[in-house]
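Novice: Here you go, one structure.
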Amino acid sequence: MADSHHVHLCRYSDEEGYTCEQECNDSGWCYWHDSNIIKDSPADKENLQEYARNGGMLRGISLKHADLAGIDLVNHHHKNGFDFSHADFYRADLTCAHLFNINLEYASLMKADLSEANLHNANIKHCNLLGIKWQNAKIKNIEIGNELIQEILAQKAQDDYDLVLALDLFEQSEEIYRDLRKHAEREGIFKLSGRFIQKELTMRRYQMKKPSFARLMSKVVDLFCGYGEEPLKVVNFSIVLILFCAILYFFTGINFEGQQHYFDASLPFTTNLNHFFSCMYYSVVTFTTLGYGDITPIGISRLIAATEAFTGSFTIALFVVVFVKKMTR
């Protein structure tokens, strides 16, 4: 009777149902998923390229300390790039690597060397980006998502009242965004660098004591102008303030040509509407500190006018600074 040979497959599987159908070694893992094997031999680079092009399971593979300098991992003539989700590239040498359109979601690039690498259109959502060497890496159109994996874990740690861990993770997030911001500036991708500086300063705010004056002021600056990156926030705030003050004037009253203009339920709708437009006009004049003098505040309206004038002069100056900063980049 002929002996039957039972092939043991790699035990890799993930939460999305993907499994590896490569034959395993004594550890129960295939060569590429075995984290105890360092892929730094001269043949590993060529073998990985061949493995990827032959449809091998790339998700979750272990490439820690791997020597992959100059490797070509572009899925040529295909719309979607190779899927390296959950892969581990810890301290891997990826200098001059071709990684166009690669999927690195939930992977780890921690302390990897990506100098001169091509990461155009790469998906690095929830990827561990701590300590990466970005020198001259090409990052146009990368997808980074709204949150780093460290941010998600930090918020979870906060919910679990592990404040020490949360603080450390927010500090890591700040470092990652700072490195990305500096690299985006060097590459001339200023829109991306503007987004990164907002996230960098937000992570710094999360490390401040709560409550504290410094944290409050940081939040105010974010709300007013997005840390200097969103001039439209200043415009929106100005419109809201002008409208809000106009409503206050409408109920507290202003003096126009010897007559008081304010809301009076006994007056016709058209008269009240005309009074409101007068209040709106006065609010605009006060906010911009033009001060024509044709309308004057009365009673408590004087306090509202003084507050609006002070806030308006500050807001206009802020808008000029933010707008010039954006335009001169």
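Each chain in the structure tokens gets a letter, A, B and so on, in the order shown; residues start at 1 in every chain, and ligands are counted from 1 in the order they appear.
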Report as a list in words: the residues of range 86-173 of chain A with a DSSP assignment of strand (DSSP E or B), based on the backbone of this structure.
Specialist: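 So, restricting range 86-173 of chain A to strand (DSSP E or B), we get Asp88, Asp93, His98, Asn103, Ser108, Asp113, Asn118, Asn123, Asn128, Lys133, Lys138 and Glu143 of chain A.
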Novice: With C-alpha atoms retained, could you export that selection as a compact mmCIF listing (two decimals), in the first residue's frame?
Specialist:
```
# COMPACT_ATOMS: atom_id res chain seq x y z
CA ASP A 88 6.03 43.54 9.76
CA ASP A 93 16.08 48.33 4.71
CA HIS A 98 9.60 50.71 -5.50
CA ASN A 103 -1.26 48.42 0.55
CA SER A 108 4.43 48.05 10.80
CA ASP A 113 14.61 52.99 6.25
CA ASN A 118 8.75 55.50 -4.01
CA ASN A 123 -2.11 53.03 1.54
CA ASN A 128 2.93 51.99 12.57
CA LYS A 133 13.72 57.44 7.91
CA LYS A 138 8.25 60.08 -2.52
CA GLU A 143 -3.45 57.54 2.09
```
Novice: Identify all residues of range 9-219 of chain A in helix (DSSP H, G or I) (DSSP on the backbone) and supply them as a PDB file with N, CA and C atoms, in the first residue's frame.
Specialist:
```pdb
ATOM      1  N   PRO A  42      21.102  37.380   0.128  1.00  0.00           N
ATOM      2  CA  PRO A  42      21.030  37.996  -1.213  1.00  0.00           C
ATOM      3  C   PRO A  42      19.859  37.489  -2.043  1.00  0.00           C
ATOM      4  N   ALA A  43      19.427  36.242  -1.815  1.00  0.00           N
ATOM      5  CA  ALA A  43      18.353  35.673  -2.644  1.00  0.00           C
ATOM      6  C   ALA A  43      16.968  36.097  -2.179  1.00  0.00           C
ATOM      7  N   ASP A  44      16.850  36.594  -0.944  1.00  0.00           N
ATOM      8  CA  ASP A  44      15.519  36.899  -0.390  1.00  0.00           C
ATOM      9  C   ASP A  44      14.786  37.964  -1.193  1.00  0.00           C
ATOM     10  N   LYS A  45      15.524  38.962  -1.643  1.00  0.00           N
ATOM     11  CA  LYS A  45      14.893  40.046  -2.403  1.00  0.00           C
ATOM     12  C   LYS A  45      14.247  39.520  -3.682  1.00  0.00           C
ATOM     13  N   GLU A  46      14.997  38.744  -4.444  1.00  0.00           N
ATOM     14  CA  GLU A  46      14.469  38.180  -5.685  1.00  0.00           C
ATOM     15  C   GLU A  46      13.336  37.196  -5.409  1.00  0.00           C
ATOM     16  N   ASN A  47      13.502  36.419  -4.359  1.00  0.00           N
ATOM     17  CA  ASN A  47      12.470  35.433  -4.030  1.00  0.00           C
ATOM     18  C   ASN A  47      11.165  36.093  -3.603  1.00  0.00           C
ATOM     19  N   LEU A  48      11.267  37.206  -2.867  1.00  0.00           N
ATOM     20  CA  LEU A  48      10.056  37.918  -2.430  1.00  0.00           C
ATOM     21  C   LEU A  48       9.340  38.523  -3.625  1.00  0.00           C
ATOM     22  N   GLN A  49      10.090  39.092  -4.558  1.00  0.00           N
ATOM     23  CA  GLN A  49       9.474  39.650  -5.766  1.00  0.00           C
ATOM     24  C   GLN A  49       8.745  38.558  -6.546  1.00  0.00           C
ATOM     25  N   GLU A  50       9.376  37.393  -6.665  1.00  0.00           N
ATOM     26  CA  GLU A  50       8.768  36.284  -7.383  1.00  0.00           C
ATOM     27  C   GLU A  50       7.553  35.747  -6.644  1.00  0.00           C
ATOM     28  N   TYR A  51       7.668  35.672  -5.317  1.00  0.00           N
ATOM     29  CA  TYR A  51       6.567  35.193  -4.474  1.00  0.00           C
ATOM     30  C   TYR A  51       5.349  36.107  -4.611  1.00  0.00           C
ATOM     31  N   ALA A  52       5.578  37.414  -4.641  1.00  0.00           N
ATOM     32  CA  ALA A  52       4.485  38.380  -4.785  1.00  0.00           C
ATOM     33  C   ALA A  52       3.826  38.256  -6.151  1.00  0.00           C
ATOM     34  N   ARG A  53       4.613  38.143  -7.202  1.00  0.00           N
ATOM     35  CA  ARG A  53       4.060  38.083  -8.553  1.00  0.00           C
ATOM     36  C   ARG A  53       3.346  36.767  -8.835  1.00  0.00           C
ATOM     37  N   ILE A 149      -2.524  54.618  14.157  1.00  0.00           N
ATOM     38  CA  ILE A 149      -2.839  53.504  15.046  1.00  0.00           C
ATOM     39  C   ILE A 149      -2.542  53.891  16.493  1.00  0.00           C
ATOM     40  N   GLN A 150      -1.516  54.743  16.696  1.00  0.00           N
ATOM     41  CA  GLN A 150      -1.199  55.196  18.055  1.00  0.00           C
ATOM     42  C   GLN A 150      -2.326  56.050  18.634  1.00  0.00           C
ATOM     43  N   GLU A 151      -2.977  56.852  17.786  1.00  0.00           N
ATOM     44  CA  GLU A 151      -4.103  57.658  18.262  1.00  0.00           C
ATOM     45  C   GLU A 151      -5.251  56.788  18.742  1.00  0.00           C
ATOM     46  N   ILE A 152      -5.557  55.768  17.962  1.00  0.00           N
ATOM     47  CA  ILE A 152      -6.659  54.873  18.319  1.00  0.00           C
ATOM     48  C   ILE A 152      -6.364  54.176  19.636  1.00  0.00           C
ATOM     49  N   LEU A 153      -5.133  53.695  19.781  1.00  0.00           N
ATOM     50  CA  LEU A 153      -4.751  52.997  21.011  1.00  0.00           C
ATOM     51  C   LEU A 153      -4.708  53.963  22.199  1.00  0.00           C
ATOM     52  N   ALA A 154      -4.304  55.209  21.954  1.00  0.00           N
ATOM     53  CA  ALA A 154      -4.256  56.203  23.025  1.00  0.00           C
ATOM     54  C   ALA A 154      -5.664  56.515  23.548  1.00  0.00           C
ATOM     55  N   GLN A 155      -6.613  56.658  22.624  1.00  0.00           N
ATOM     56  CA  GLN A 155      -7.990  56.930  23.037  1.00  0.00           C
ATOM     57  C   GLN A 155      -8.574  55.754  23.806  1.00  0.00           C
ATOM     58  N   LYS A 156      -8.210  54.545  23.397  1.00  0.00           N
ATOM     59  CA  LYS A 156      -8.660  53.350  24.119  1.00  0.00           C
ATOM     60  C   LYS A 156      -8.050  53.316  25.514  1.00  0.00           C
ATOM     61  N   ALA A 157      -6.759  53.680  25.604  1.00  0.00           N
ATOM     62  CA  ALA A 157      -6.091  53.716  26.907  1.00  0.00           C
ATOM     63  C   ALA A 157      -6.730  54.754  27.819  1.00  0.00           C
ATOM     64  N   GLN A 158      -7.133  55.887  27.243  1.00  0.00           N
ATOM     65  CA  GLN A 158      -7.832  56.901  28.039  1.00  0.00           C
ATOM     66  C   GLN A 158      -9.151  56.365  28.565  1.00  0.00           C
ATOM     67  N   ASP A 159      -9.878  55.661  27.712  1.00  0.00           N
ATOM     68  CA  ASP A 159     -11.148  55.083  28.139  1.00  0.00           C
ATOM     69  C   ASP A 159     -10.949  54.063  29.256  1.00  0.00           C
ATOM     70  N   LEU A 163      -3.668  56.386  31.910  1.00  0.00           N
ATOM     71  CA  LEU A 163      -3.238  57.691  31.431  1.00  0.00           C
ATOM     72  C   LEU A 163      -1.765  57.729  31.058  1.00  0.00           C
ATOM     73  N   VAL A 164      -0.944  56.908  31.735  1.00  0.00           N
ATOM     74  CA  VAL A 164       0.484  56.863  31.409  1.00  0.00           C
ATOM     75  C   VAL A 164       0.687  56.330  29.995  1.00  0.00           C
ATOM     76  N   LEU A 165       0.003  55.241  29.674  1.00  0.00           N
ATOM     77  CA  LEU A 165       0.095  54.667  28.324  1.00  0.00           C
ATOM     78  C   LEU A 165      -0.472  55.633  27.297  1.00  0.00           C
ATOM     79  N   ALA A 166      -1.607  56.264  27.606  1.00  0.00           N
ATOM     80  CA  ALA A 166      -2.223  57.218  26.670  1.00  0.00           C
ATOM     81  C   ALA A 166      -1.277  58.370  26.373  1.00  0.00           C
ATOM     82  N   LEU A 167      -0.611  58.884  27.401  1.00  0.00           N
ATOM     83  CA  LEU A 167       0.334  59.992  27.224  1.00  0.00           C
ATOM     84  C   LEU A 167       1.492  59.578  26.324  1.00  0.00           C
ATOM     85  N   ASP A 168       2.003  58.375  26.536  1.00  0.00           N
ATOM     86  CA  ASP A 168       3.112  57.881  25.712  1.00  0.00           C
ATOM     87  C   ASP A 168       2.694  57.718  24.257  1.00  0.00           C
ATOM     88  N   LEU A 169       1.494  57.221  24.016  1.00  0.00           N
ATOM     89  CA  LEU A 169       1.007  57.013  22.651  1.00  0.00           C
ATOM     90  C   LEU A 169       0.731  58.339  21.948  1.00  0.00           C
ATOM     91  N   PHE A 170       0.216  59.328  22.690  1.00  0.00           N
ATOM     92  CA  PHE A 170       0.007  60.650  22.085  1.00  0.00           C
ATOM     93  C   PHE A 170       1.357  61.295  21.750  1.00  0.00           C
ATOM     94  N   GLU A 171       2.357  61.053  22.584  1.00  0.00           N
ATOM     95  CA  GLU A 171       3.697  61.575  22.300  1.00  0.00           C
ATOM     96  C   GLU A 171       4.279  60.924  21.052  1.00  0.00           C
ATOM     97  N   GLN A 172       4.064  59.618  20.895  1.00  0.00           N
ATOM     98  CA  GLN A 172       4.500  58.932  19.677  1.00  0.00           C
ATOM     99  C   GLN A 172       3.788  59.504  18.450  1.00  0.00           C
ATOM    100  N   SER A 173       2.488  59.761  18.587  1.00  0.00           N
ATOM    101  CA  SER A 173       1.716  60.319  17.469  1.00  0.00           C
ATOM    102  C   SER A 173       2.255  61.689  17.067  1.00  0.00           C
ATOM    103  N   GLU A 174       2.576  62.510  18.064  1.00  0.00           N
ATOM    104  CA  GLU A 174       3.142  63.825  17.762  1.00  0.00           C
ATOM    105  C   GLU A 174       4.457  63.687  17.001  1.00  0.00           C
ATOM    106  N   GLU A 175       5.293  62.756  17.428  1.00  0.00           N
ATOM    107  CA  GLU A 175       6.578  62.550  16.758  1.00  0.00           C
ATOM    108  C   GLU A 175       6.390  62.101  15.308  1.00  0.00           C
ATOM    109  N   ILE A 176       5.453  61.203  15.079  1.00  0.00           N
ATOM    110  CA  ILE A 176       5.195  60.713  13.722  1.00  0.00           C
ATOM    111  C   ILE A 176       4.713  61.847  12.820  1.00  0.00           C
ATOM    112  N   TYR A 177       3.745  62.633  13.312  1.00  0.00           N
ATOM    113  CA  TYR A 177       3.216  63.735  12.503  1.00  0.00           C
ATOM    114  C   TYR A 177       4.289  64.801  12.256  1.00  0.00           C
ATOM    115  N   ARG A 178       5.157  65.020  13.236  1.00  0.00           N
ATOM    116  CA  ARG A 178       6.234  65.996  13.044  1.00  0.00           C
ATOM    117  C   ARG A 178       7.195  65.532  11.946  1.00  0.00           C
ATOM    118  N   ASP A 179       7.563  64.248  11.967  1.00  0.00           N
ATOM    119  CA  ASP A 179       8.454  63.718  10.925  1.00  0.00           C
ATOM    120  C   ASP A 179       7.792  63.791   9.553  1.00  0.00           C
ATOM    121  N   LEU A 180       6.495  63.457   9.489  1.00  0.00           N
ATOM    122  CA  LEU A 180       5.770  63.522   8.222  1.00  0.00           C
ATOM    123  C   LEU A 180       5.649  64.963   7.732  1.00  0.00           C
ATOM    124  N   ARG A 181       5.404  65.874   8.659  1.00  0.00           N
ATOM    125  CA  ARG A 181       5.266  67.285   8.284  1.00  0.00           C
ATOM    126  C   ARG A 181       6.573  67.835   7.718  1.00  0.00           C
ATOM    127  N   LYS A 182       7.684  67.528   8.376  1.00  0.00           N
ATOM    128  CA  LYS A 182       8.980  68.010   7.893  1.00  0.00           C
ATOM    129  C   LYS A 182       9.298  67.432   6.514  1.00  0.00           C
ATOM    130  N   HIS A 183       8.981  66.153   6.337  1.00  0.00           N
ATOM    131  CA  HIS A 183       9.281  65.539   5.046  1.00  0.00           C
ATOM    132  C   HIS A 183       8.380  66.093   3.945  1.00  0.00           C
ATOM    133  N   ALA A 184       7.095  66.306   4.251  1.00  0.00           N
ATOM    134  CA  ALA A 184       6.180  66.875   3.259  1.00  0.00           C
ATOM    135  C   ALA A 184       6.626  68.277   2.855  1.00  0.00           C
ATOM    136  N   GLU A 185       7.145  69.045   3.805  1.00  0.00           N
ATOM    137  CA  GLU A 185       7.654  70.385   3.487  1.00  0.00           C
ATOM    138  C   GLU A 185       8.872  70.293   2.574  1.00  0.00           C
ATOM    139  N   ARG A 186       9.768  69.343   2.859  1.00  0.00           N
ATOM    140  CA  ARG A 186      10.954  69.179   2.004  1.00  0.00           C
ATOM    141  C   ARG A 186      10.565  68.773   0.580  1.00  0.00           C
ATOM    142  N   PHE A 190       2.800  71.118   0.360  1.00  0.00           N
ATOM    143  CA  PHE A 190       2.457  71.992   1.475  1.00  0.00           C
ATOM    144  C   PHE A 190       1.044  71.761   2.010  1.00  0.00           C
ATOM    145  N   LYS A 191       0.134  71.339   1.142  1.00  0.00           N
ATOM    146  CA  LYS A 191      -1.213  71.028   1.623  1.00  0.00           C
ATOM    147  C   LYS A 191      -1.163  69.876   2.612  1.00  0.00           C
ATOM    148  N   LEU A 192      -0.358  68.878   2.304  1.00  0.00           N
ATOM    149  CA  LEU A 192      -0.208  67.726   3.192  1.00  0.00           C
ATOM    150  C   LEU A 192       0.519  68.118   4.469  1.00  0.00           C
ATOM    151  N   SER A 193       1.541  68.945   4.348  1.00  0.00           N
ATOM    152  CA  SER A 193       2.284  69.379   5.537  1.00  0.00           C
ATOM    153  C   SER A 193       1.403  70.218   6.453  1.00  0.00           C
ATOM    154  N   GLY A 194       0.485  71.000   5.861  1.00  0.00           N
ATOM    155  CA  GLY A 194      -0.451  71.774   6.676  1.00  0.00           C
ATOM    156  C   GLY A 194      -1.362  70.886   7.495  1.00  0.00           C
ATOM    157  N   ARG A 195      -1.807  69.799   6.890  1.00  0.00           N
ATOM    158  CA  ARG A 195      -2.635  68.846   7.623  1.00  0.00           C
ATOM    159  C   ARG A 195      -1.844  68.190   8.754  1.00  0.00           C
ATOM    160  N   PHE A 196      -0.578  67.873   8.464  1.00  0.00           N
ATOM    161  CA  PHE A 196       0.243  67.202   9.466  1.00  0.00           C
ATOM    162  C   PHE A 196       0.557  68.111  10.656  1.00  0.00           C
ATOM    163  N   ILE A 197       0.759  69.412  10.397  1.00  0.00           N
ATOM    164  CA  ILE A 197       1.056  70.304  11.511  1.00  0.00           C
ATOM    165  C   ILE A 197      -0.169  70.478  12.411  1.00  0.00           C
ATOM    166  N   GLN A 198      -1.358  70.449  11.817  1.00  0.00           N
ATOM    167  CA  GLN A 198      -2.571  70.491  12.630  1.00  0.00           C
ATOM    168  C   GLN A 198      -2.653  69.274  13.546  1.00  0.00           C
ATOM    169  N   LYS A 199      -2.385  68.104  12.968  1.00  0.00           N
ATOM    170  CA  LYS A 199      -2.439  66.885  13.763  1.00  0.00           C
ATOM    171  C   LYS A 199      -1.315  66.858  14.806  1.00  0.00           C
ATOM    172  N   GLU A 200      -0.152  67.352  14.441  1.00  0.00           N
ATOM    173  CA  GLU A 200       0.971  67.401  15.384  1.00  0.00           C
ATOM    174  C   GLU A 200       0.631  68.236  16.610  1.00  0.00           C
ATOM    175  N   LEU A 201       0.065  69.426  16.386  1.00  0.00           N
ATOM    176  CA  LEU A 201      -0.284  70.308  17.500  1.00  0.00           C
ATOM    177  C   LEU A 201      -1.479  69.775  18.281  1.00  0.00           C
ATOM    178  N   THR A 202      -2.369  69.061  17.612  1.00  0.00           N
ATOM    179  CA  THR A 202      -3.489  68.437  18.323  1.00  0.00           C
ATOM    180  C   THR A 202      -2.981  67.353  19.264  1.00  0.00           C
ATOM    181  N   MET A 203      -2.025  66.547  18.797  1.00  0.00           N
ATOM    182  CA  MET A 203      -1.443  65.510  19.663  1.00  0.00           C
ATOM    183  C   MET A 203      -0.709  66.139  20.843  1.00  0.00           C
ATOM    184  N   ARG A 204      -0.072  67.280  20.609  1.00  0.00           N
ATOM    185  CA  ARG A 204       0.595  67.988  21.710  1.00  0.00           C
ATOM    186  C   ARG A 204      -0.424  68.494  22.723  1.00  0.00           C
ATOM    187  N   ARG A 205      -1.572  68.955  22.230  1.00  0.00           N
ATOM    188  CA  ARG A 205      -2.623  69.424  23.140  1.00  0.00           C
ATOM    189  C   ARG A 205      -3.130  68.294  24.022  1.00  0.00           C
ATOM    190  N   TYR A 206      -3.280  67.109  23.439  1.00  0.00           N
ATOM    191  CA  TYR A 206      -3.775  65.972  24.206  1.00  0.00           C
ATOM    192  C   TYR A 206      -2.830  65.564  25.329  1.00  0.00           C
ATOM    193  N   PHE A 213      -4.952  76.072  31.358  1.00  0.00           N
ATOM    194  CA  PHE A 213      -5.083  77.248  30.493  1.00  0.00           C
ATOM    195  C   PHE A 213      -4.405  76.997  29.144  1.00  0.00           C
ATOM    196  N   ALA A 214      -3.241  76.321  29.178  1.00  0.00           N
ATOM    197  CA  ALA A 214      -2.505  76.053  27.931  1.00  0.00           C
ATOM    198  C   ALA A 214      -3.329  75.193  26.994  1.00  0.00           C
ATOM    199  N   ARG A 215      -3.993  74.174  27.557  1.00  0.00           N
ATOM    200  CA  ARG A 215      -4.816  73.304  26.724  1.00  0.00           C
ATOM    201  C   ARG A 215      -6.020  74.062  26.177  1.00  0.00           C
ATOM    202  N   LEU A 216      -6.623  74.917  26.989  1.00  0.00           N
ATOM    203  CA  LEU A 216      -7.766  75.713  26.543  1.00  0.00           C
ATOM    204  C   LEU A 216      -7.362  76.637  25.406  1.00  0.00           C
ATOM    205  N   MET A 217      -6.223  77.323  25.547  1.00  0.00           N
ATOM    206  CA  MET A 217      -5.782  78.242  24.505  1.00  0.00           C
ATOM    207  C   MET A 217      -5.450  77.498  23.206  1.00  0.00           C
ATOM    208  N   SER A 218      -4.854  76.318  23.351  1.00  0.00           N
ATOM    209  CA  SER A 218      -4.563  75.512  22.160  1.00  0.00           C
ATOM    210  C   SER A 218      -5.841  75.136  21.432  1.00  0.00           C
ATOM    211  N   LYS A 219      -6.878  74.773  22.185  1.00  0.00           N
ATOM    212  CA  LYS A 219      -8.161  74.423  21.582  1.00  0.00           C
ATOM    213  C   LYS A 219      -8.796  75.630  20.903  1.00  0.00           C
TER     214      LYS A 219
END
```
Novice: Which residues, written as a list in words, have at least one atom at most 7 Å from Gly131 in chain A, with only C-alpha atoms counted and residues fewer than 2 positions away on the same chain left out?
Specialist: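 These residues fall inside the cut-off: Met110, Lys111, Leu129 and Lys133 of chain A.
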Novice: Let me make sure I understand: among A:Asn75, A:Thr252, A:Gln260, A:Asp222, which one has the smallest atom-to-atom distance to Leu303 in chain A if we use only C-alpha atoms?
Specialist: A:Thr252
Novice: Pick from A:Asp34, A:Glu147, A:Asp14, A:Glu308: nearest to Lys125 in chain A, with only C-alpha atoms counted?
Specialist: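 Ranked by minimum distance to Lys125 in chain A, first place goes to A:Glu147.
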Novice: Residues within 6 Å of range 273-287 of chain A, please, as an MDAnalysis selection string. Count only C-alpha atoms; anything in the same chain fewer than 2 positions from it doesn't count.
Specialist: chainID A and resid 242 246 249:250 261 270:271 289:290 308:309 312
Novice: What does the distance from CA of Leu94 in chain A to CA of Leu58 in chain A come to in Å, to one decimal?
Specialist: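 Those two atoms sit 16.3 Å apart.
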Novice: Contacts of Asn255 in chain A at 7 Å or less, counting only C-alpha atoms, minus same-chain residues fewer than 4 places along, as a PyMOL selection string?
Specialist: chain A and resi 259-261+295-298
Novice: Can I get the selected residues back with N, CA and C atoms, as an mmCIF file, in the first residue's frame?
Specialist:
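Once everything was written out, this is out.cif:
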```cif
data_model
loop_
_atom_site.group_PDB
_atom_site.id
_atom_site.type_symbol
_atom_site.label_atom_id
_atom_site.label_comp_id
_atom_site.auth_asym_id
_atom_site.auth_seq_id
_atom_site.Cartn_x
_atom_site.Cartn_y
_atom_site.Cartn_z
ATOM 1 N N GLN A 259 -33.867 107.976 16.378
ATOM 2 C CA GLN A 259 -34.891 106.971 16.639
ATOM 3 C C GLN A 259 -34.224 105.666 17.092
ATOM 4 N N GLN A 260 -34.879 105.005 18.027
ATOM 5 C CA GLN A 260 -34.368 103.741 18.529
ATOM 6 C C GLN A 260 -34.901 102.590 17.676
ATOM 7 N N HIS A 261 -33.967 101.755 17.234
ATOM 8 C CA HIS A 261 -34.323 100.593 16.427
ATOM 9 C C HIS A 261 -34.122 99.329 17.258
ATOM 10 N N ILE A 295 -24.899 105.475 13.360
ATOM 11 C CA ILE A 295 -25.655 104.682 14.336
ATOM 12 C C ILE A 295 -24.822 104.578 15.610
ATOM 13 N N THR A 296 -25.478 104.740 16.758
ATOM 14 C CA THR A 296 -24.783 104.643 18.046
ATOM 15 C C THR A 296 -25.503 103.634 18.933
ATOM 16 N N PRO A 297 -24.734 102.925 19.769
ATOM 17 C CA PRO A 297 -25.360 101.961 20.680
ATOM 18 C C PRO A 297 -25.997 102.654 21.874
ATOM 19 N N ILE A 298 -26.943 102.000 22.479
ATOM 20 C CA ILE A 298 -27.597 102.544 23.678
ATOM 21 C C ILE A 298 -27.638 101.434 24.733
#
```
Novice: Can you pull out every residue within 8 Å of range 17-28 of chain A, counting only C-alpha atoms, but drop anything in the same chain fewer than 6 positions away, and send it as a PDB file with N, CA, C and O atoms, in the first residue's frame?
Specialist:
```pdb
ATOM      1  N   VAL A   7       0.527  17.140   3.755  1.00  0.00           N
ATOM      2  CA  VAL A   7       1.227  18.434   3.743  1.00  0.00           C
ATOM      3  C   VAL A   7       0.628  19.347   4.802  1.00  0.00           C
ATOM      4  O   VAL A   7      -0.583  19.568   4.830  1.00  0.00           O
ATOM      5  N   HIS A   8       1.468  19.853   5.695  1.00  0.00           N
ATOM      6  CA  HIS A   8       1.020  20.793   6.718  1.00  0.00           C
ATOM      7  C   HIS A   8       1.165  22.211   6.181  1.00  0.00           C
ATOM      8  O   HIS A   8       2.243  22.604   5.702  1.00  0.00           O
ATOM      9  N   LEU A   9       0.094  22.956   6.260  1.00  0.00           N
ATOM     10  CA  LEU A   9       0.096  24.321   5.756  1.00  0.00           C
ATOM     11  C   LEU A   9       0.423  25.320   6.859  1.00  0.00           C
ATOM     12  O   LEU A   9       0.243  25.051   8.049  1.00  0.00           O
ATOM     13  N   CYS A  10       0.900  26.475   6.416  1.00  0.00           N
ATOM     14  CA  CYS A  10       1.221  27.576   7.335  1.00  0.00           C
ATOM     15  C   CYS A  10      -0.011  27.920   8.160  1.00  0.00           C
ATOM     16  O   CYS A  10      -1.134  27.956   7.656  1.00  0.00           O
ATOM     17  N   ARG A  11       0.207  28.191   9.437  1.00  0.00           N
ATOM     18  CA  ARG A  11      -0.922  28.451  10.325  1.00  0.00           C
ATOM     19  C   ARG A  11      -1.375  29.917  10.331  1.00  0.00           C
ATOM     20  O   ARG A  11      -2.219  30.311  11.149  1.00  0.00           O
ATOM     21  N   ASP A  34       7.297  33.309   9.062  1.00  0.00           N
ATOM     22  CA  ASP A  34       8.062  32.934  10.253  1.00  0.00           C
ATOM     23  C   ASP A  34       8.867  34.135  10.739  1.00  0.00           C
ATOM     24  O   ASP A  34       9.814  34.573  10.078  1.00  0.00           O
ATOM     25  N   MET A  57       0.651  34.675  -0.438  1.00  0.00           N
ATOM     26  CA  MET A  57      -0.004  35.412   0.640  1.00  0.00           C
ATOM     27  C   MET A  57       0.993  36.383   1.272  1.00  0.00           C
ATOM     28  O   MET A  57       1.929  35.975   1.968  1.00  0.00           O
TER      29      MET A  57
END
```
Novice: Looking at A:Glu229, A:Phe84, A:His77, A:Ile38, which one is nearest to Leu63 in chain A, with distances taken over only C-alpha atoms?
Specialist: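 Checking each candidate against Leu63 in chain A, we get A:Ile38 as the closest.
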Novice: Please provide as a JSON list (two decimals) with C-alpha atoms, in the first residue's frame all residues within 10 Å of Thr315 in chain A, with the sequence filter that same-chain residues fewer than 2 positions apart are discarded (counting only C-alpha atoms).
Specialist:
```json
[["chain", "number", "residue", "atom", "x", "y", "z"],
["A", 224, "PHE", "CA", -10.42, 79.84, 15.33],
["A", 225, "CYS", "CA", -8.01, 79.01, 12.52],
["A", 234, "VAL", "CA", -11.69, 82.73, 10.59],
["A", 235, "VAL", "CA", -14.18, 83.84, 7.93],
["A", 237, "PHE", "CA", -16.28, 82.78, 12.83],
["A", 238, "SER", "CA", -16.54, 86.39, 11.62],
["A", 287, "PHE", "CA", -16.82, 94.44, 13.61],
["A", 288, "THR", "CA", -14.64, 96.08, 10.97],
["A", 309, "ALA", "CA", -15.06, 95.87, 17.99],
["A", 310, "PHE", "CA", -12.22, 94.39, 20.04],
["A", 311, "THR", "CA", -12.88, 90.87, 18.77],
["A", 312, "GLY", "CA", -13.30, 92.10, 15.20],
["A", 313, "SER", "CA", -9.95, 93.92, 15.09],
["A", 317, "ALA", "CA", -5.52, 90.69, 12.00],
["A", 318, "LEU", "CA", -5.60, 86.92, 12.52],
["A", 319, "PHE", "CA", -7.12, 86.37, 9.08],
["A", 320, "VAL", "CA", -4.40, 88.45, 7.42],
["A", 321, "VAL", "CA", -1.66, 86.46, 9.16]]
```
